[in-house]
file structure_10.cif (mmCIF, C-alpha atoms)
data_my_file
#
loop_
_atom_site.label_atom_id
_atom_site.label_comp_id
_atom_site.auth_asym_id
_atom_site.auth_seq_id
_atom_site.Cartn_x
_atom_site.Cartn_y
_atom_site.Cartn_z
CA MET A 8 0.00 0.00 0.00
CA GLY A 9 2.87 2.35 0.77
CA ASP A 10 4.35 1.99 -2.73
CA VAL A 11 0.94 2.49 -4.32
CA GLU A 12 0.28 5.64 -2.33
CA GLN A 13 3.74 6.97 -3.14
CA ARG A 14 3.20 6.40 -6.88
CA ALA A 15 -0.21 8.00 -6.71
CA GLY A 16 1.33 11.00 -4.99
CA GLU A 17 4.03 11.25 -7.65
CA VAL A 18 1.40 11.05 -10.41
CA GLY A 19 -0.60 13.78 -8.66
CA VAL A 20 2.45 16.03 -8.45
CA LEU A 21 3.24 15.42 -12.11
CA THR A 22 -0.36 16.18 -13.11
CA ALA A 23 -0.31 19.40 -11.11
CA ARG A 24 2.91 20.48 -12.79
CA VAL A 25 1.51 19.72 -16.24
CA GLN A 26 -1.66 21.67 -15.45
CA ALA A 27 0.40 24.60 -14.18
CA ALA A 28 2.52 24.56 -17.35
CA LEU A 29 -0.59 24.48 -19.56
CA HIS A 30 -2.09 27.31 -17.57
CA ARG A 31 1.02 29.41 -18.16
CA VAL A 32 0.97 28.61 -21.88
CA ARG A 33 -2.70 29.60 -22.17
CA ALA A 34 -2.08 32.79 -20.21
CA PHE A 35 0.81 33.68 -22.53
CA ASP A 36 -1.39 32.94 -25.54
CA ARG A 37 -4.13 35.25 -24.24
CA ARG A 38 -1.70 38.07 -23.53
CA ARG A 39 0.28 37.88 -26.80
CA PRO A 40 -1.68 35.92 -29.41
CA LEU A 41 0.19 37.36 -32.41
CA LEU A 42 3.59 36.54 -30.92
CA TRP A 43 2.49 32.97 -30.17
CA ASP A 44 1.11 32.55 -33.71
CA ALA A 45 4.35 33.89 -35.17
CA LEU A 46 6.42 31.43 -33.11
CA LEU A 47 4.23 28.49 -34.11
CA THR A 48 4.20 29.50 -37.79
CA GLY A 49 7.95 30.04 -37.77
CA PHE A 50 8.50 26.55 -36.35
CA PHE A 51 6.47 24.91 -39.14
CA VAL A 52 8.04 27.09 -41.84
CA VAL A 53 11.52 26.04 -40.73
CA ALA A 54 10.43 22.38 -40.62
CA ALA A 55 8.87 22.60 -44.10
CA LEU A 56 11.93 24.29 -45.62
CA THR A 57 14.23 21.75 -43.95
CA ASP A 58 12.19 18.95 -45.52
CA ALA A 59 12.26 20.76 -48.88
CA ARG A 60 16.10 20.73 -48.90
CA GLY A 61 16.11 17.00 -49.51
CA GLY A 62 14.19 15.09 -46.89
CA TRP A 63 11.09 14.88 -49.10
CA ARG A 64 12.97 12.64 -51.57
CA HIS A 65 12.97 9.73 -49.08
CA ILE A 66 9.15 9.31 -49.22
CA THR A 67 8.28 10.88 -52.57
CA ALA A 68 6.69 8.93 -55.37
CA ASN A 69 8.38 11.18 -57.97
CA PRO A 70 11.92 12.37 -57.09
CA HIS A 71 12.09 14.47 -60.28
CA VAL A 72 9.77 17.23 -59.03
CA PRO A 73 11.53 20.62 -59.48
CA VAL A 74 13.10 21.93 -56.26
CA GLY A 75 11.65 25.40 -56.84
CA LEU A 76 8.15 23.95 -56.95
CA VAL A 77 8.82 21.98 -53.75
CA LEU A 78 9.97 25.16 -51.99
CA LEU A 79 6.90 27.08 -53.20
CA LEU A 80 4.55 24.30 -52.06
CA SER A 81 6.29 24.11 -48.68
CA LEU A 82 5.78 27.83 -48.13
CA MET A 83 2.13 27.64 -49.22
CA LEU A 84 1.55 24.82 -46.71
CA SER A 85 3.21 26.58 -43.76
CA VAL A 86 3.11 30.39 -44.00
CA PRO A 87 -0.75 30.67 -43.93
CA LEU A 88 -0.68 29.19 -40.42
CA LEU A 89 -0.13 32.75 -39.18
CA TRP A 90 -3.85 33.44 -39.82
CA ARG A 91 -5.21 30.10 -38.62
CA ARG A 92 -6.81 31.66 -35.50
CA TRP A 93 -8.91 34.27 -37.32
CA ARG A 94 -9.62 32.62 -40.74
CA PRO A 95 -9.02 28.88 -40.33
CA LEU A 96 -11.30 27.79 -43.17
CA ALA A 97 -9.78 30.34 -45.55
CA VAL A 98 -6.29 29.17 -44.55
CA LEU A 99 -7.26 25.57 -45.33
CA GLY A 100 -8.63 26.81 -48.65
CA VAL A 101 -5.18 28.26 -49.48
CA MET A 102 -3.40 25.06 -48.44
CA ALA A 103 -5.71 22.73 -50.37
CA PRO A 104 -4.40 23.68 -53.88
CA ALA A 105 -0.80 23.25 -52.66
CA ALA A 106 -1.72 19.82 -51.26
CA LEU A 107 -3.43 18.91 -54.56
CA VAL A 108 -0.32 19.87 -56.57
CA SER A 109 1.89 17.95 -54.12
CA GLN A 110 -0.23 14.82 -54.57
CA TRP A 111 -0.57 15.27 -58.35
CA THR A 112 3.17 15.65 -58.90
CA GLY A 113 4.01 12.85 -56.44
CA ALA A 114 6.09 15.05 -54.14
CA LEU A 115 3.96 13.91 -51.16
CA LEU A 116 5.42 16.59 -48.93
CA GLN A 117 5.26 16.04 -45.18
CA ALA A 118 4.23 19.69 -44.87
CA GLU A 119 0.74 18.51 -45.85
CA LEU A 120 0.38 17.35 -42.22
CA VAL A 121 0.25 21.02 -41.19
CA GLN A 122 -3.33 21.03 -42.48
CA HIS A 123 -4.34 19.10 -39.36
CA VAL A 124 -3.35 22.10 -37.24
CA VAL A 125 -5.86 24.14 -39.21
CA VAL A 126 -8.48 21.39 -38.84
CA PHE A 127 -7.97 21.58 -35.08
CA ASN A 128 -8.72 25.32 -35.14
CA ILE A 129 -11.79 24.82 -37.34
CA ALA A 130 -13.26 22.27 -34.91
CA LEU A 131 -12.30 24.46 -31.95
CA ARG A 132 -13.59 27.84 -33.13
CA LEU A 133 -16.15 27.45 -35.94
CA PRO A 134 -19.62 25.83 -36.09
CA LEU A 135 -19.34 22.05 -36.29
CA ARG A 136 -20.89 21.89 -39.76
CA ARG A 137 -17.75 23.59 -41.11
CA LEU A 138 -15.90 20.30 -40.53
CA TRP A 139 -17.68 18.96 -43.62
CA TRP A 140 -16.15 21.80 -45.63
CA ALA A 141 -12.74 20.94 -44.17
CA ALA A 142 -13.20 17.28 -45.17
CA ALA A 143 -14.25 18.40 -48.66
CA LEU A 144 -10.96 20.31 -48.99
CA LEU A 145 -8.78 17.50 -47.60
CA VAL A 146 -10.15 14.41 -49.36
CA PRO A 147 -9.76 15.34 -53.09
CA PRO A 148 -5.93 15.72 -52.97
CA LEU A 149 -5.68 12.36 -51.17
CA VAL A 150 -7.83 10.62 -53.78
CA VAL A 151 -5.85 12.23 -56.62
CA GLY A 152 -2.57 11.04 -55.12
CA SER A 153 -3.81 7.46 -54.65
CA VAL A 154 -5.05 7.35 -58.26
CA ARG A 155 -1.90 8.90 -59.74
CA PHE A 156 0.51 6.73 -57.74
CA PRO A 157 -1.28 3.51 -56.74
CA ARG A 158 2.03 1.89 -55.73
CA ALA A 159 2.24 4.22 -52.70
CA GLY A 160 -0.76 2.41 -51.29
CA TRP A 161 -4.38 3.40 -50.84
CA ASP A 162 -4.30 2.89 -47.10
CA GLN A 163 -1.21 5.04 -46.66
CA LEU A 164 -2.35 7.90 -48.90
CA VAL A 165 -6.07 8.02 -47.95
CA VAL A 166 -7.02 5.96 -44.88
CA THR A 167 -4.21 7.08 -42.56
CA PRO A 168 -4.71 10.85 -43.25
CA LEU A 169 -8.48 10.45 -42.74
CA TRP A 170 -7.89 8.70 -39.40
CA ALA A 171 -5.58 11.53 -38.40
CA PHE A 172 -8.23 14.05 -39.48
CA SER A 173 -10.86 12.32 -37.32
CA LEU A 174 -8.61 12.11 -34.26
CA VAL A 175 -7.58 15.76 -34.54
CA ALA A 176 -11.21 16.89 -34.89
CA LEU A 177 -12.23 14.73 -31.92
CA GLY A 178 -9.43 16.15 -29.77
CA ALA A 179 -10.47 19.69 -30.70
CA LEU A 180 -14.09 18.91 -29.78
CA VAL A 181 -12.96 17.60 -26.38
CA VAL A 182 -11.02 20.82 -25.75
CA ARG A 183 -13.93 22.91 -26.99
CA THR A 184 -16.40 21.10 -24.73
CA ARG A 185 -14.17 21.67 -21.73
CA GLN A 186 -13.77 25.36 -22.56
CA GLU A 187 -17.52 25.81 -22.98
CA TYR A 188 -18.17 23.97 -19.73
CA THR A 189 -15.64 26.17 -17.90
CA ALA A 190 -17.17 29.27 -19.48
CA SER A 191 -20.63 28.15 -18.35
CA LEU A 192 -19.35 27.70 -14.80
CA VAL A 193 -17.80 31.17 -14.87
CA GLU A 194 -21.05 32.67 -16.22
CA ARG A 195 -23.07 30.82 -13.60
CA ALA A 196 -20.79 32.16 -10.88
CA ARG A 197 -21.22 35.66 -12.28
CA GLN A 198 -25.01 35.26 -12.34
CA LEU A 199 -24.96 34.00 -8.76
CA GLU A 200 -22.95 37.05 -7.74
CA VAL A 201 -25.46 39.30 -9.50
CA GLU A 202 -28.37 37.49 -7.84
CA ARG A 203 -26.62 37.74 -4.48
CA ASP A 204 -26.15 41.48 -4.91
CA GLN A 205 -29.78 41.85 -6.00
CA GLN A 206 -30.99 39.86 -3.00
CA ALA A 207 -28.83 42.00 -0.74
CA ARG A 208 -30.30 45.17 -2.27
CA LEU A 209 -33.84 43.82 -1.94
CA ALA A 210 -33.18 42.81 1.66
CA ALA A 211 -31.75 46.26 2.37
CA ALA A 212 -34.78 47.91 0.76
CA ALA A 213 -37.14 45.72 2.78
CA GLU A 214 -35.23 46.52 5.95
CA ARG A 215 -35.35 50.23 5.18
CA ALA A 216 -39.10 49.96 4.66
CA ARG A 217 -39.49 48.10 7.95
CA ILE A 218 -37.40 50.70 9.78
CA ALA A 219 -39.42 53.48 8.15
CA ARG A 220 -42.64 51.87 9.38
CA GLU A 221 -41.24 51.50 12.90
CA MET A 222 -39.99 55.10 12.94
CA HIS A 223 -43.34 56.32 11.64
CA ASP A 224 -45.26 54.37 14.26
CA ILE A 225 -43.01 55.45 17.13
CA ILE A 226 -42.68 59.12 16.22
CA GLY A 227 -46.18 59.63 14.80
CA HIS A 228 -48.03 58.08 17.70
CA ASN A 229 -45.98 59.64 20.49
CA LEU A 230 -46.01 63.09 18.92
CA SER A 231 -49.79 62.87 18.50
CA VAL A 232 -50.14 61.96 22.17
CA ILE A 233 -47.79 64.79 23.15
CA THR A 234 -49.76 67.25 21.02
CA GLY A 235 -53.02 66.18 22.65
CA LEU A 236 -51.56 66.48 26.13
CA ALA A 237 -50.06 69.89 25.33
CA ASP A 238 -53.38 71.21 24.01
CA GLY A 239 -55.21 69.92 27.07
CA GLY A 240 -52.61 71.32 29.43
CA ARG A 241 -52.82 74.73 27.80
CA TYR A 242 -56.58 74.95 28.38
CA ALA A 243 -56.30 73.54 31.91
CA ALA A 244 -53.47 75.88 32.94
CA VAL A 245 -55.89 78.75 33.62
CA LYS A 246 -58.58 76.96 35.60
CA SER A 247 -56.85 73.85 36.99
CA PRO A 248 -53.09 74.04 37.47
CA GLU A 249 -53.10 70.48 38.83
CA ARG A 250 -54.53 69.14 35.57
CA ALA A 251 -51.90 71.13 33.69
CA ALA A 252 -49.15 69.57 35.80
CA GLN A 253 -50.58 66.12 35.07
CA ALA A 254 -50.49 66.93 31.35
CA LEU A 255 -46.86 68.00 31.61
CA ASP A 256 -46.02 64.78 33.43
CA GLY A 257 -47.71 62.83 30.62
CA ILE A 258 -45.73 64.77 28.02
CA ALA A 259 -42.47 64.01 29.83
CA SER A 260 -43.33 60.32 30.19
CA THR A 261 -44.37 59.95 26.55
CA SER A 262 -41.27 61.83 25.37
CA ARG A 263 -38.98 59.60 27.41
CA GLN A 264 -40.70 56.50 26.05
CA ALA A 265 -40.30 57.74 22.47
CA LEU A 266 -36.63 58.58 23.03
CA THR A 267 -36.00 55.17 24.56
CA GLU A 268 -37.56 53.37 21.59
CA LEU A 269 -35.65 55.53 19.10
CA ARG A 270 -32.33 54.96 20.88
CA ARG A 271 -32.97 51.23 20.89
CA LEU A 272 -33.81 51.22 17.17
CA LEU A 273 -30.82 53.37 16.24
CA GLY A 274 -28.55 51.32 18.51
CA VAL A 275 -29.39 48.20 16.52
CA LEU A 276 -28.62 50.03 13.27
CA ARG A 277 -25.31 51.55 14.43
CA ASP A 278 -22.30 49.69 13.03
CA GLU A 279 -19.47 51.74 14.60
CA PRO A 280 -18.53 52.20 18.27
CA ALA A 281 -20.29 55.08 19.94
CA ASP A 282 -17.06 56.58 21.38
CA GLY A 283 -15.07 56.48 18.16
CA GLY A 284 -12.31 54.39 19.72
CA ALA A 285 -13.63 52.16 22.47
CA GLU A 286 -15.60 49.19 21.35
CA ALA A 287 -19.29 49.62 22.05
CA GLY A 288 -21.25 46.95 23.82
CA PRO A 289 -24.34 45.31 22.36
CA PRO A 290 -27.32 47.60 21.83
CA GLU A 291 -30.00 47.65 24.47
CA LEU A 292 -32.69 45.21 23.42
CA SER A 293 -36.20 44.57 24.66
CA PRO A 294 -39.21 42.69 23.27
CA GLN A 295 -41.26 44.39 20.62
CA PRO A 296 -44.72 45.59 21.67
CA ALA A 297 -47.32 42.80 21.93
CA LEU A 298 -51.02 42.41 22.67
CA ALA A 299 -50.28 42.60 26.40
CA ASP A 300 -49.09 46.19 25.85
CA LEU A 301 -52.40 47.37 24.39
CA ASP A 302 -53.65 48.52 27.78
CA GLN A 303 -50.63 50.79 28.21
CA LEU A 304 -51.13 52.13 24.69
CA LEU A 305 -54.79 52.90 25.35
CA ASP A 306 -53.97 54.60 28.65
CA GLY A 307 -51.61 56.94 26.83
CA VAL A 308 -54.26 57.75 24.22
CA ARG A 309 -56.86 58.38 26.91
CA ALA A 310 -54.42 60.68 28.69
CA ALA A 311 -54.09 62.64 25.45
CA GLY A 312 -57.82 63.37 25.58
CA LEU A 313 -59.37 60.65 23.39
CA PRO A 314 -61.90 58.40 25.18
CA VAL A 315 -61.33 54.80 24.06
CA ARG A 316 -63.50 51.75 24.77
CA PHE A 317 -61.67 48.39 24.56
CA THR A 318 -63.45 45.06 23.97
CA VAL A 319 -62.11 41.52 23.57
CA ARG A 320 -64.34 38.84 22.01
CA GLY A 321 -63.70 35.12 21.95
CA GLU A 322 -61.07 33.07 23.71
CA ALA A 323 -57.62 34.59 23.36
CA SER A 324 -55.25 32.26 21.49
CA PRO A 325 -51.46 32.58 21.51
CA LEU A 326 -50.10 34.45 18.53
CA PRO A 327 -46.52 34.60 17.21
CA PRO A 328 -44.62 37.78 18.15
CA GLY A 329 -44.73 39.09 14.58
CA ARG A 330 -48.52 38.90 14.39
CA GLN A 331 -48.88 40.48 17.81
CA LEU A 332 -46.65 43.36 16.71
CA THR A 333 -48.78 43.81 13.58
CA VAL A 334 -51.99 44.01 15.65
CA TYR A 335 -50.37 46.44 18.07
CA ARG A 336 -49.04 48.72 15.32
CA VAL A 337 -52.37 48.76 13.47
CA VAL A 338 -54.25 49.77 16.63
CA GLN A 339 -51.56 52.34 17.38
CA GLU A 340 -51.72 53.84 13.89
CA ALA A 341 -55.53 53.88 13.81
CA LEU A 342 -55.73 55.71 17.15
CA THR A 343 -52.97 58.09 16.10
CA ASN A 344 -54.98 58.99 12.99
CA THR A 345 -58.02 59.54 15.21
CA LEU A 346 -56.03 61.90 17.42
CA LYS A 347 -54.83 63.80 14.36
CA HIS A 348 -57.95 63.95 12.22
CA ALA A 349 -61.09 63.09 14.21
CA GLY A 350 -61.52 66.53 15.70
CA PRO A 351 -62.77 67.59 19.14
CA GLY A 352 -65.31 65.48 21.00
CA ALA A 353 -64.52 62.27 19.13
CA THR A 354 -64.48 58.86 20.80
CA ALA A 355 -62.94 55.58 19.69
CA THR A 356 -63.69 51.89 20.06
CA VAL A 357 -61.20 49.02 19.77
CA GLU A 358 -62.50 45.48 19.34
CA VAL A 359 -60.22 42.41 19.21
CA SER A 360 -61.91 39.16 18.15
CA TYR A 361 -60.33 35.71 18.31
CA GLY A 362 -61.47 32.77 16.23
CA ASP A 363 -59.95 31.50 13.02
CA GLY A 364 -57.05 33.89 13.50
CA VAL A 365 -57.54 37.38 14.90
CA ALA A 366 -59.62 40.37 13.79
CA VAL A 367 -59.26 43.96 14.96
CA ARG A 368 -61.79 46.70 14.43
CA VAL A 369 -61.02 50.32 15.34
CA THR A 370 -63.78 52.90 14.87
CA ASP A 371 -64.22 56.51 15.88
CA THR A 372 -66.97 59.10 15.82
CA GLY A 373 -64.87 61.87 14.34
CA TRP A 374 -64.82 63.39 10.89
CA GLY A 375 -65.06 60.95 8.02
CA GLY A 376 -65.78 61.21 4.37
CA ALA A 377 -69.53 60.83 4.92
CA GLY A 378 -70.07 61.98 8.49
CA PRO A 379 -70.78 65.36 9.93
CA GLY A 380 -68.28 67.84 8.69
CA GLY A 381 -67.32 65.38 5.96
CA ALA A 382 -64.68 66.31 3.48
CA ALA A 383 -65.25 69.94 4.07
CA ALA A 384 -63.68 69.62 7.45
CA GLY A 385 -60.63 68.07 5.96
CA GLY A 386 -60.74 64.91 8.00
CA GLY A 387 -61.44 62.31 5.36
CA PRO A 388 -58.75 63.02 2.75
CA GLY A 389 -56.10 63.48 5.43
CA ARG A 390 -56.62 59.94 6.55
CA VAL A 391 -56.47 58.47 3.08
CA ARG A 392 -53.13 59.95 2.13
CA GLY A 393 -49.77 59.42 3.80
CA ARG A 394 -47.62 56.58 5.09
CA GLY A 395 -49.94 55.41 7.85
CA LEU A 396 -52.50 53.36 5.94
CA THR A 397 -49.86 52.15 3.49
CA GLY A 398 -47.71 50.90 6.36
CA MET A 399 -50.69 49.12 7.94
CA ARG A 400 -51.52 47.36 4.69
CA GLU A 401 -47.89 46.30 4.25
CA ARG A 402 -47.80 44.86 7.76
CA ALA A 403 -51.02 42.94 7.14
CA ALA A 404 -49.74 41.58 3.82
CA LEU A 405 -46.68 40.12 5.55
CA TYR A 406 -48.97 37.59 7.24
CA ASP A 407 -51.50 37.14 4.40
CA GLY A 408 -53.88 39.45 6.19
CA VAL A 409 -56.37 41.99 4.87
CA LEU A 410 -56.76 45.57 6.05
CA GLU A 411 -59.72 47.75 5.16
CA ALA A 412 -60.03 51.41 6.04
CA GLY A 413 -62.60 54.02 5.17
CA PRO A 414 -65.37 56.32 6.36
CA LEU A 415 -68.45 54.95 8.09
CA PRO A 416 -71.81 55.54 6.38
CA ALA A 417 -74.08 58.43 7.26
CA PRO A 418 -75.64 59.58 9.47
CA ALA A 419 -73.30 58.40 12.21
CA GLY A 420 -70.11 59.19 10.31
CA GLY A 421 -66.64 58.51 11.60
CA TRP A 422 -63.85 56.24 10.44
CA ARG A 423 -63.25 52.50 10.51
CA VAL A 424 -60.09 50.36 10.31
CA HIS A 425 -60.60 46.61 10.06
CA LEU A 426 -57.73 44.10 10.16
CA ARG A 427 -58.07 40.35 9.62
CA LEU A 428 -55.09 38.03 10.13
CA PRO A 429 -55.58 34.31 9.36
CA LYS A 430 -54.45 31.66 11.77
CA ASP A 431 -50.74 30.95 11.71
CA PRO A 432 -50.30 27.72 9.65
CA VAL A 433 -47.45 26.63 11.94
CA THR A 434 -49.69 26.63 14.98
#
call {"tool": "encode", "arguments": {"input": "structure_10.cif", "output": "structure tokens"}}
result
Amino acid sequence: MGDVEQRAGEVGVLTARVQAALHRVRAFDRRRPLLWDALLTGFFVVAALTDARGGWRHITANPHVPVGLVLLLSLMLSVPLLWRRWRPLAVLGVMAPAALVSQWTGALLQAELVQHVVVFNIALRLPLRRLWWAAALLVPPLVVGSVRFPRAGWDQLVVTPLWAFSLVALGALVVRTRQEYTASLVERARQLEVERDQQARLAAAAERARIAREMHDIIGHNLSVITGLADGGRYAAVKSPERAAQALDGIASTSRQALTELRRLLGVLRDEPADGGAEAGPPELSPQPALADLDQLLDGVRAAGLPVRFTVRGEASPLPPGRQLTVYRVVQEALTNTLKHAGPGATATVEVSYGDGVAVRVTDTGWGGAGPGGAAAGGGPGRVRGRGLTGMRERAALYDGVLEAGPLPAPAGGWRVHLRLPKDPVT
């Protein structure tokens, strides 16, 4: 086993060296194709001219062919190799007459073998059907030579060159297949990189949208509560200083809560240390709002001056945190819109129903599109436009839910927001 493993290791080292050498040759060819073609052409020109000085007489069927003609044919069979990369079929077309004259006169120059280099390039670079054209250019000179000089042998003049032609074409097809396979792998890797970048951009866009929704919910709701408390405190300051102090306390509490939530959100987003040099610890984290926090939310809205009645129907079923956050944010946004647009004297009702999922209905008695005051008061259109309703619909769509919002019919008037979330399939 030790000898076998040692030999396998030696073979692996040899294979690696061969691959490295081929890689360097291909790299040189890509960097300086004209120089490589000139070197290859020069090698075959020297070989052809060396054969033309007398070596051809050892295999010729007619030693009386003029030397000048042999030199001319040798150059015609070797010099065109310089253009084999760009016009391989045209190069073979130039060589074919020289090969025909060589076979007709009986010179049978060895330089005719250079045509197989061109065949290799045809099979490697051109459509496969062009191989039939190459065969059509190669076969006639071989047939002419076998007919003119039958003593040289049919198998030697026709069969052997055709076998060589087939093997060269097959080798070129193997190389071409490997190149195309490698190119497909490179293209696939490039596509995967593009898809990865696209997914990253989509994820970043989705995260920005989520952060925008959270910022809108946090800032919009708390500022609405603060505005309501400030308005109430201003009116109470004259007649009831105690009520004004309570309003100021509510403003301070709501402001601190908003700042805490914003710091927590921005702390999660911050990538760099807060001090510029010292490494910052992990951001302060806490659970996202859930259904259990609805009472606290409603207390804050009531403190801002909006009477809210809260009703729960059905047996409460456990919901995943994401669905609870969606319900909370929808109620928060609906009540925030009521604070902003419903006008003085409005009241609100929040109903949470459990069954096949969860349903939330938030209504108010303020201005709506069809109620008292209607569009003239400016309440209805203000609710339709903006980020609020869009954000609520996006949150509902994340869990295959449906959100409907619109004015209540006359004569009661007001506004309604209705959310339906189906039951979580996991549960």
call {"tool": "closest_atom_pairs", "arguments": {"input": "structure_10.cif", "of": "region 99-190 of chain A", "to": "region 61-67 of chain A", "cutoff": "7 Å", "atoms": "only C-alpha atoms", "output": "JSON lines"}}
result
{"residue": "A:Gly113", "atom": "CA", "partner": "A:Thr67", "partner_atom": "CA", "distance": 6.1}
{"residue": "A:Ala114", "atom": "CA", "partner": "A:Thr67", "partner_atom": "CA", "distance": 5.0}
{"residue": "A:Leu115", "atom": "CA", "partner": "A:Thr67", "partner_atom": "CA", "distance": 5.5}
{"residue": "A:Leu116", "atom": "CA", "partner": "A:Trp63", "partner_atom": "CA", "distance": 5.9}
call {"tool": "residues_around", "arguments": {"input": "structure_10.cif", "residues": "region 296-302 of chain A", "least_positions_apart": "3", "cutoff": "12 Å", "atoms": "all atoms listed in the file", "output": "ChimeraX atom specification"}}
result
/A:221,224-225,268,293,305-309,315-319,323-339,342,357-359,365,367
call {"tool": "write_last_selection", "arguments": {"input": "structure_10.cif", "atoms": "C-alpha atoms", "output": "short mmCIF file (atom, residue, chain, number, x, y, z; two decimals), in the frame of the given file"}}
result
data_model
loop_
_atom_site.label_atom_id
_atom_site.label_comp_id
_atom_site.auth_asym_id
_atom_site.auth_seq_id
_atom_site.Cartn_x
_atom_site.Cartn_y
_atom_site.Cartn_z
CA GLU A 221 -41.24 51.50 12.90
CA ASP A 224 -45.26 54.37 14.26
CA ILE A 225 -43.01 55.45 17.13
CA GLU A 268 -37.56 53.37 21.59
CA SER A 293 -36.20 44.57 24.66
CA LEU A 305 -54.79 52.90 25.35
CA ASP A 306 -53.97 54.60 28.65
CA GLY A 307 -51.61 56.94 26.83
CA VAL A 308 -54.26 57.75 24.22
CA ARG A 309 -56.86 58.38 26.91
CA VAL A 315 -61.33 54.80 24.06
CA ARG A 316 -63.50 51.75 24.77
CA PHE A 317 -61.67 48.39 24.56
CA THR A 318 -63.45 45.06 23.97
CA VAL A 319 -62.11 41.52 23.57
CA ALA A 323 -57.62 34.59 23.36
CA SER A 324 -55.25 32.26 21.49
CA PRO A 325 -51.46 32.58 21.51
CA LEU A 326 -50.10 34.45 18.53
CA PRO A 327 -46.52 34.60 17.21
CA PRO A 328 -44.62 37.78 18.15
CA GLY A 329 -44.73 39.09 14.58
CA ARG A 330 -48.52 38.90 14.39
CA GLN A 331 -48.88 40.48 17.81
CA LEU A 332 -46.65 43.36 16.71
CA THR A 333 -48.78 43.81 13.58
CA VAL A 334 -51.99 44.01 15.65
CA TYR A 335 -50.37 46.44 18.07
CA ARG A 336 -49.04 48.72 15.32
CA VAL A 337 -52.37 48.76 13.47
CA VAL A 338 -54.25 49.77 16.63
CA GLN A 339 -51.56 52.34 17.38
CA LEU A 342 -55.73 55.71 17.15
CA VAL A 357 -61.20 49.02 19.77
CA GLU A 358 -62.50 45.48 19.34
CA VAL A 359 -60.22 42.41 19.21
CA VAL A 365 -57.54 37.38 14.90
CA VAL A 367 -59.26 43.96 14.96
#
call {"tool": "residues_around", "arguments": {"input": "structure_10.cif", "residues": "region 43-54 of chain A", "least_positions_apart": "4", "cutoff": "9 Å", "atoms": "all atoms listed in the file", "output": "PyMOL selection string"}}
result
chain A and resi 35-36+39+58-59+81-82+84-92+118+121
call {"tool": "resolve_selection", "arguments": {"input": "structure_10.cif", "expression": "the PyMOL selection byres ((chain A and resi 103) around 10)", "output": "count of residues only"}}
result
23
call {"tool": "atom_distance", "arguments": {"input": "structure_10.cif", "atom1": "CA of Ile129 (chain A)", "atom2": "CA of Pro40 (chain A)"}}
result
17.0 Å
call {"tool": "atom_distance", "arguments": {"input": "structure_10.cif", "atom1": "CA of Leu42 (chain A)", "atom2": "CA of Ser173 (chain A)"}}
result
28.9 Å
call {"tool": "atom_distance", "arguments": {"input": "structure_10.cif", "atom1": "CA of Thr234 (chain A)", "atom2": "CA of Gly413 (chain A)"}}
result
24.3 Å
call {"tool": "residues_around", "arguments": {"input": "structure_10.cif", "residues": "region 425-428 of chain A", "least_positions_apart": "3", "cutoff": "7 Å", "atoms": "all atoms listed in the file", "output": "list in words"}}
result
Gly364, Val365, Ala366, Val367, Arg368, Val369, Tyr406, Asp407, Gly408, Val409, Leu410, Glu411 and Ala412 of chain A
call {"tool": "write_last_selection", "arguments": {"input": "structure_10.cif", "atoms": "C-alpha atoms", "output": "PDB file, in the coordinates of the input"}}
result
ATOM      1  CA  GLY A 364     -57.050  33.890  13.500  1.00  0.00           C
ATOM      2  CA  VAL A 365     -57.540  37.380  14.900  1.00  0.00           C
ATOM      3  CA  ALA A 366     -59.620  40.370  13.790  1.00  0.00           C
ATOM      4  CA  VAL A 367     -59.260  43.960  14.960  1.00  0.00           C
ATOM      5  CA  ARG A 368     -61.790  46.700  14.430  1.00  0.00           C
ATOM      6  CA  VAL A 369     -61.020  50.320  15.340  1.00  0.00           C
ATOM      7  CA  TYR A 406     -48.970  37.590   7.240  1.00  0.00           C
ATOM      8  CA  ASP A 407     -51.500  37.140   4.400  1.00  0.00           C
ATOM      9  CA  GLY A 408     -53.880  39.450   6.190  1.00  0.00           C
ATOM     10  CA  VAL A 409     -56.370  41.990   4.870  1.00  0.00           C
ATOM     11  CA  LEU A 410     -56.760  45.570   6.050  1.00  0.00           C
ATOM     12  CA  GLU A 411     -59.720  47.750   5.160  1.00  0.00           C
ATOM     13  CA  ALA A 412     -60.030  51.410   6.040  1.00  0.00           C
TER      14      ALA A 412
END
call {"tool": "residues_around", "arguments": {"input": "structure_10.cif", "residues": "Ala341 (chain A)", "least_positions_apart": "4", "cutoff": "9 Å", "atoms": "all atoms listed in the file", "output": "ChimeraX atom specification"}}
result
/A:336-337,345-346,369-370,395-396,399,423-424
call {"tool": "closest_residue", "arguments": {"input": "structure_10.cif", "among": "A:Ala216, A:Ala68, A:Leu304, A:Leu174", "to": "Val232 (chain A)", "atoms": "all atoms listed in the file"}}
result
A:Leu304
call {"tool": "residues_around", "arguments": {"input": "structure_10.cif", "residues": "Leu180 (chain A)", "least_positions_apart": "2", "cutoff": "10 Å", "atoms": "only C-alpha atoms", "output": "list in words"}}
result
Phe127, Asn128, Ile129, Ala130, Leu131, Arg132, Leu135, Leu174, Val175, Ala176, Leu177, Gly178, Val182, Arg183, Thr184, Arg185 and Gln186 of chain A
call {"tool": "resolve_selection", "arguments": {"input": "structure_10.cif", "expression": "the PyMOL selection byres ((chain A and resi 372) around 6)", "output": "ChimeraX atom specification"}}
result
/A:353-354,371,373,421
call {"tool": "write_last_selection", "arguments": {"input": "structure_10.cif", "atoms": "C-alpha atoms", "output": "mmCIF file, keeping the file's coordinate frame"}}
result
data_model
loop_
_atom_site.group_PDB
_atom_site.id
_atom_site.type_symbol
_atom_site.label_atom_id
_atom_site.label_comp_id
_atom_site.auth_asym_id
_atom_site.auth_seq_id
_atom_site.Cartn_x
_atom_site.Cartn_y
_atom_site.Cartn_z
ATOM 1 C CA ALA A 353 -64.520 62.270 19.130
ATOM 2 C CA THR A 354 -64.480 58.860 20.800
ATOM 3 C CA ASP A 371 -64.220 56.510 15.880
ATOM 4 C CA GLY A 373 -64.870 61.870 14.340
ATOM 5 C CA GLY A 421 -66.640 58.510 11.600
#
